[in-house]
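Visitor: The structure is given below, and queries will be raised subsequently.
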Amino acid sequence: MPIKKPRGVPDILPGETDRWQHLERVVRELAHVYGYQEIRTPIFEFTELFQRGVGEGTDIVAKEMYTFNDRRGRSLSLRPEGTAAVVRAFIENNMYTWPQPVKLYYIGPMFRYDRPQAGRYRQFHQFGAEVFGSTEPGVDAEVIELLLRFYKILGLKGLSLEISSVGCPECRKELTDSLVSYIRPQTAGLCKDCRDRVDRNPLRLLDCKEPGCKELLREAPTPLDFLCLSCSAHFAALRQELLALKISYNINPHMVRGLDYYTGTSFEVILPGIGAQSAIGAGGRYDNLVKTCGGPPTPGVGFAVGIERTLLALEEQGIEFSGDTQPGVFVVAVGEDAVRHALRILQALREAGIRADRDHANRGLKAQLKQAHRRGVKWVVIVGEEELSRGTAALRAMDTGEQVEVNESELIPRLRAWRA
Ligand code: AMP
């Protein structure tokens, strides 16, 4: 029996990787245009980081982490999200002494033991951006603009931006009390998860997708009803900034996000109709997280984008990228001397940066040409004994079948010119 991969962890095969590479190029170029530098953190961290940073009461930490002991019995976890690790690295590398704000981005795999379905996997990838060291609402607006620009460059249509403010811990204390008193008499009508949440994480009641819970919570108190003066002013200023940048938004008072660390601004980019999940990117402000993780008080704001969901959405909208990673040239040779000579030609083509390959199975001329056809190359360079003696090679265009004999020294300039 061949060994299969675990559920919910897709292979990304040649052919699909063209789309990934395109998307990754867009991410990097865009992030650099906006002044963000890349950071790469480890795939696993001490479990305590996520317990403290993401929050023990969150579904991600309570139910979805891949946690294991190493050989010395220390508890480690595969990262379920990117922000906590970036915050850890920010503190550990004294980035608070760098010129502020520090603007970072990352791209890489995350792991959650979630129920796999369309658009939801156990290993998935996120692109994220984080800005440390500024409470300016203009920074919140900038990360939102960056996120929307990313989708725009990819060509995605029909997106909407939802924003809200979840307030600071002070605003939230009153909210939590009021929400719990509101829902307590009606807990019997809630779904099983929400019945748990009443005591564990009542704010999450607000964004439950179950129709029964949605109905019960329609009139419930929301964070926007309890914003303190400073949170309320910050949220108003953010709306002004978005207006100035001509970014339209909906205010969604029920948005609370799944992670405990958010304070103030929170936002989601929604695309209706991508499987069970409609948020393809989301983020917000986390002004207390650096302190919670043991660093000096430093505000932060950021987002994370699900890459698989973005690719799925592009596919559903019929947006394709023509990846060009296949060899364009196949070198075909017959006869011992010609084969040896063809190897040098192949080497020269590759040195010149031309994507080229050859037969590796000792096939005859016809079979090599067939191979070239199956590989979908544009040109074949043919070297036989005669070409060898004349110092030439035959160059055949696969689409028209047209063939010319050229001097070897002309080979590279010709292929280059045709590629253009
Ligand atoms: P979160 O870290 O939960 O705020 O998620 C940010 C984004 O990551 C979401 O909007 C999704 O696009 C993506 N995402 C989260 N969980 C998964 C998953 N299990 N599989 C695929 N994408 C995911």
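How things are named: the first chain in the structure tokens is A, the next is B, and so on; residues count from 1 in each chain; ligands count from 1 in the order shown.
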Can you pull out the residues contacting Lys370 (chain A)? Cut-off 12 Å, using only C-alpha atoms, and skip same-chain residues under 4 positions away; I want them as JSON, numbers by chain.
Guide: {"A": [330, 332, 358, 359, 363, 364, 365, 366, 374, 375, 376, 377, 380, 398]}
Visitor: Write out as a ChimeraX atom specification all residues of region 357-418 of chain A that backbone DSSP assigns to helix (DSSP H, G or I).
Guide: /A:365-374,385-390,408-418
Visitor: Please identify every polymer residue within 9 Å of ligand 1, using only C-alpha atoms and all ligand atoms, and present the set as a PyMOL selection string.
Guide: chain A and resi 8+60+80-83+110-128+257-259+268-270+277-283+303-310
Visitor: Hey, what's within 9 Å of Arg79 (chain A) if we count only C-alpha atoms and toss same-chain stuff fewer than 3 positions away? As a PyMOL selection string, please?
Guide: chain A and resi 42-45+47+50+65-66+82+84-85+109-112
Visitor: Restricting the output to all heavy atoms, write the selected residues as a compact mmCIF listing (two decimals), in the first residue's frame.
Guide:
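That gives us result28.txt:
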```txt
# COMPACT_ATOMS: atom_id res chain seq x y z
N PRO A 42 10.23 30.99 12.44
CA PRO A 42 10.17 29.52 12.38
C PRO A 42 8.74 29.02 12.25
O PRO A 42 7.79 29.72 12.60
CB PRO A 42 10.74 29.07 13.74
CG PRO A 42 11.39 30.27 14.32
CD PRO A 42 10.78 31.47 13.72
N ILE A 43 8.62 27.79 11.79
CA ILE A 43 7.30 27.18 11.62
C ILE A 43 6.75 26.69 12.96
O ILE A 43 5.57 26.60 13.16
CB ILE A 43 7.38 26.08 10.55
CG1 ILE A 43 7.33 26.76 9.18
CG2 ILE A 43 6.28 25.06 10.67
CD1 ILE A 43 7.63 25.86 8.03
N PHE A 44 7.63 26.37 13.91
CA PHE A 44 7.13 26.03 15.25
C PHE A 44 7.75 26.94 16.30
O PHE A 44 8.84 27.49 16.11
CB PHE A 44 7.31 24.56 15.60
CG PHE A 44 8.74 24.06 15.58
CD1 PHE A 44 9.54 24.18 16.70
CD2 PHE A 44 9.26 23.44 14.45
CE1 PHE A 44 10.84 23.70 16.71
CE2 PHE A 44 10.56 22.96 14.44
CZ PHE A 44 11.36 23.10 15.57
N GLU A 45 7.01 27.10 17.38
CA GLU A 45 7.41 27.97 18.49
C GLU A 45 7.01 27.26 19.77
O GLU A 45 6.28 26.26 19.74
CB GLU A 45 6.62 29.30 18.43
CG GLU A 45 6.82 30.12 17.17
CD GLU A 45 7.95 31.13 17.25
OE1 GLU A 45 8.54 31.30 18.34
OE2 GLU A 45 8.25 31.75 16.21
N THR A 47 4.70 26.48 22.68
CA THR A 47 3.23 26.54 22.73
C THR A 47 2.76 27.77 23.51
O THR A 47 1.77 28.42 23.17
CB THR A 47 2.69 25.25 23.38
OG1 THR A 47 3.17 24.16 22.60
CG2 THR A 47 1.18 25.23 23.43
N PHE A 50 1.70 31.03 21.73
CA PHE A 50 0.35 31.14 21.15
C PHE A 50 -0.70 31.21 22.26
O PHE A 50 -1.71 31.90 22.11
CB PHE A 50 0.09 29.97 20.20
CG PHE A 50 1.12 29.90 19.10
CD1 PHE A 50 2.00 28.83 19.01
CD2 PHE A 50 1.24 30.93 18.18
CE1 PHE A 50 2.96 28.78 18.02
CE2 PHE A 50 2.21 30.89 17.19
CZ PHE A 50 3.07 29.81 17.11
N MET A 65 -4.68 23.63 17.44
CA MET A 65 -3.22 23.64 17.27
C MET A 65 -2.64 22.24 17.17
O MET A 65 -3.12 21.30 17.79
CB MET A 65 -2.56 24.38 18.42
CG MET A 65 -2.50 25.86 18.14
SD MET A 65 -1.18 26.70 18.97
CE MET A 65 -1.42 26.29 20.66
N TYR A 66 -1.60 22.13 16.37
CA TYR A 66 -0.80 20.91 16.33
C TYR A 66 0.28 21.08 17.38
O TYR A 66 1.26 21.80 17.18
CB TYR A 66 -0.16 20.74 14.95
CG TYR A 66 -1.11 20.18 13.93
CD1 TYR A 66 -1.89 21.01 13.14
CD2 TYR A 66 -1.23 18.80 13.76
CE1 TYR A 66 -2.77 20.50 12.21
CE2 TYR A 66 -2.10 18.27 12.82
CZ TYR A 66 -2.86 19.13 12.05
OH TYR A 66 -3.72 18.62 11.12
N GLY A 82 0.34 34.02 11.96
CA GLY A 82 1.66 34.61 11.84
C GLY A 82 2.01 35.69 12.85
O GLY A 82 3.18 35.89 13.18
N ALA A 84 1.63 36.32 16.18
CA ALA A 84 2.28 36.08 17.48
C ALA A 84 3.78 35.86 17.29
O ALA A 84 4.60 36.37 18.07
CB ALA A 84 1.64 34.90 18.19
N ALA A 85 4.15 35.10 16.26
CA ALA A 85 5.57 34.81 16.03
C ALA A 85 6.32 36.08 15.61
O ALA A 85 7.47 36.29 16.03
CB ALA A 85 5.71 33.72 14.98
N PRO A 109 3.50 28.94 5.36
CA PRO A 109 2.46 28.01 5.78
C PRO A 109 2.04 28.18 7.24
O PRO A 109 2.86 28.53 8.09
CB PRO A 109 3.12 26.63 5.59
CG PRO A 109 4.58 26.89 5.69
CD PRO A 109 4.81 28.30 5.20
N MET A 110 0.76 27.95 7.50
CA MET A 110 0.18 27.95 8.85
C MET A 110 -0.54 26.62 9.02
O MET A 110 -0.90 25.98 8.03
CB MET A 110 -0.83 29.09 9.03
CG MET A 110 -0.30 30.46 8.65
SD MET A 110 0.99 31.00 9.77
CE MET A 110 1.79 32.25 8.76
N PHE A 111 -0.79 26.24 10.28
CA PHE A 111 -1.34 24.90 10.53
C PHE A 111 -2.49 24.99 11.53
O PHE A 111 -2.32 25.56 12.61
CB PHE A 111 -0.24 24.00 11.09
CG PHE A 111 0.99 23.98 10.22
CD1 PHE A 111 1.96 24.97 10.34
CD2 PHE A 111 1.15 23.02 9.24
CE1 PHE A 111 3.08 24.99 9.52
CE2 PHE A 111 2.26 23.02 8.41
CZ PHE A 111 3.23 24.00 8.55
N ARG A 112 -3.63 24.45 11.14
CA ARG A 112 -4.77 24.42 12.07
C ARG A 112 -5.51 23.11 11.90
O ARG A 112 -5.84 22.72 10.78
CB ARG A 112 -5.75 25.57 11.80
CG ARG A 112 -5.18 26.92 12.13
CD ARG A 112 -6.20 28.04 11.94
NE ARG A 112 -5.52 29.33 11.90
CZ ARG A 112 -6.11 30.47 11.62
NH1 ARG A 112 -7.40 30.50 11.34
NH2 ARG A 112 -5.41 31.59 11.60
```
Visitor: Using DSSP on the backbone, list every residue of region 33-204 of chain A that comes out as strand (DSSP E), and give them as a PyMOL selection string.
Guide: chain A and resi 37-38+44-46+67-69+75-78+102-111+123-132+160-165
Visitor: Have a look at CA of Leu156 (chain A) and CA of Leu271 (chain A) and let me know their distance in Å, one decimal.
Guide: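 If I compute the distance from CA of Leu156 (chain A) to CA of Leu271 (chain A), I get 9.3 Å.
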Visitor: Closest to Gly155 (chain A) among A:Ile345, A:Leu314, A:Leu395, A:Ala338, using only C-alpha atoms?
Guide: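 Of A:Ile345, A:Leu314, A:Leu395, A:Ala338, the one nearest Gly155 (chain A), counting only C-alpha atoms, is A:Leu314.
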Visitor: Between A:Gly302, A:Gly53, A:Gly335, A:Pro413, which residue has the minimum interatomic distance to Glu145 (chain A), considering only C-alpha atoms?
Guide: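 Counting only C-alpha atoms, the residue closest to Glu145 (chain A) is A:Gly302.
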Visitor: What does the structure give for the distance between CA of Tyr36 (chain A) and CA of Val131 (chain A), in Å to one decimal?
Guide: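 Distance reported for this atom pair: 8.5 Å.
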Visitor: Quick one: residues within 8 Å of Thr263 (chain A), only C-alpha atoms, excluding same-chain residues fewer than 6 positions away - as a count of residues only?
Guide: 10
Visitor: With distances taken over only C-alpha atoms, which residue among A:Gln37, A:Thr58, A:Asn201, A:Thr392 lies nearest Val102 (chain A)?
Guide: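 The answer is A:Gln37, which sits nearest to Val102 (chain A).
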Visitor: Got a sec: who's within 12 Å of Val139 (chain A), counting only C-alpha atoms, leaving out chain neighbours fewer than 6 positions off, as a list in words?
Guide: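 Near neighbours after the sequence-gap exclusion: Tyr34, Gln100, Pro101, Val102, Lys103, Ala129, Glu130, Val131, Phe132, Gly133, Glu145, Leu146, His234, Ala237, Leu238, Glu241, Leu242, Thr265, Gly284, Arg285, Pro299, Gly300, Val301, Gly302 and Phe303 of chain A.
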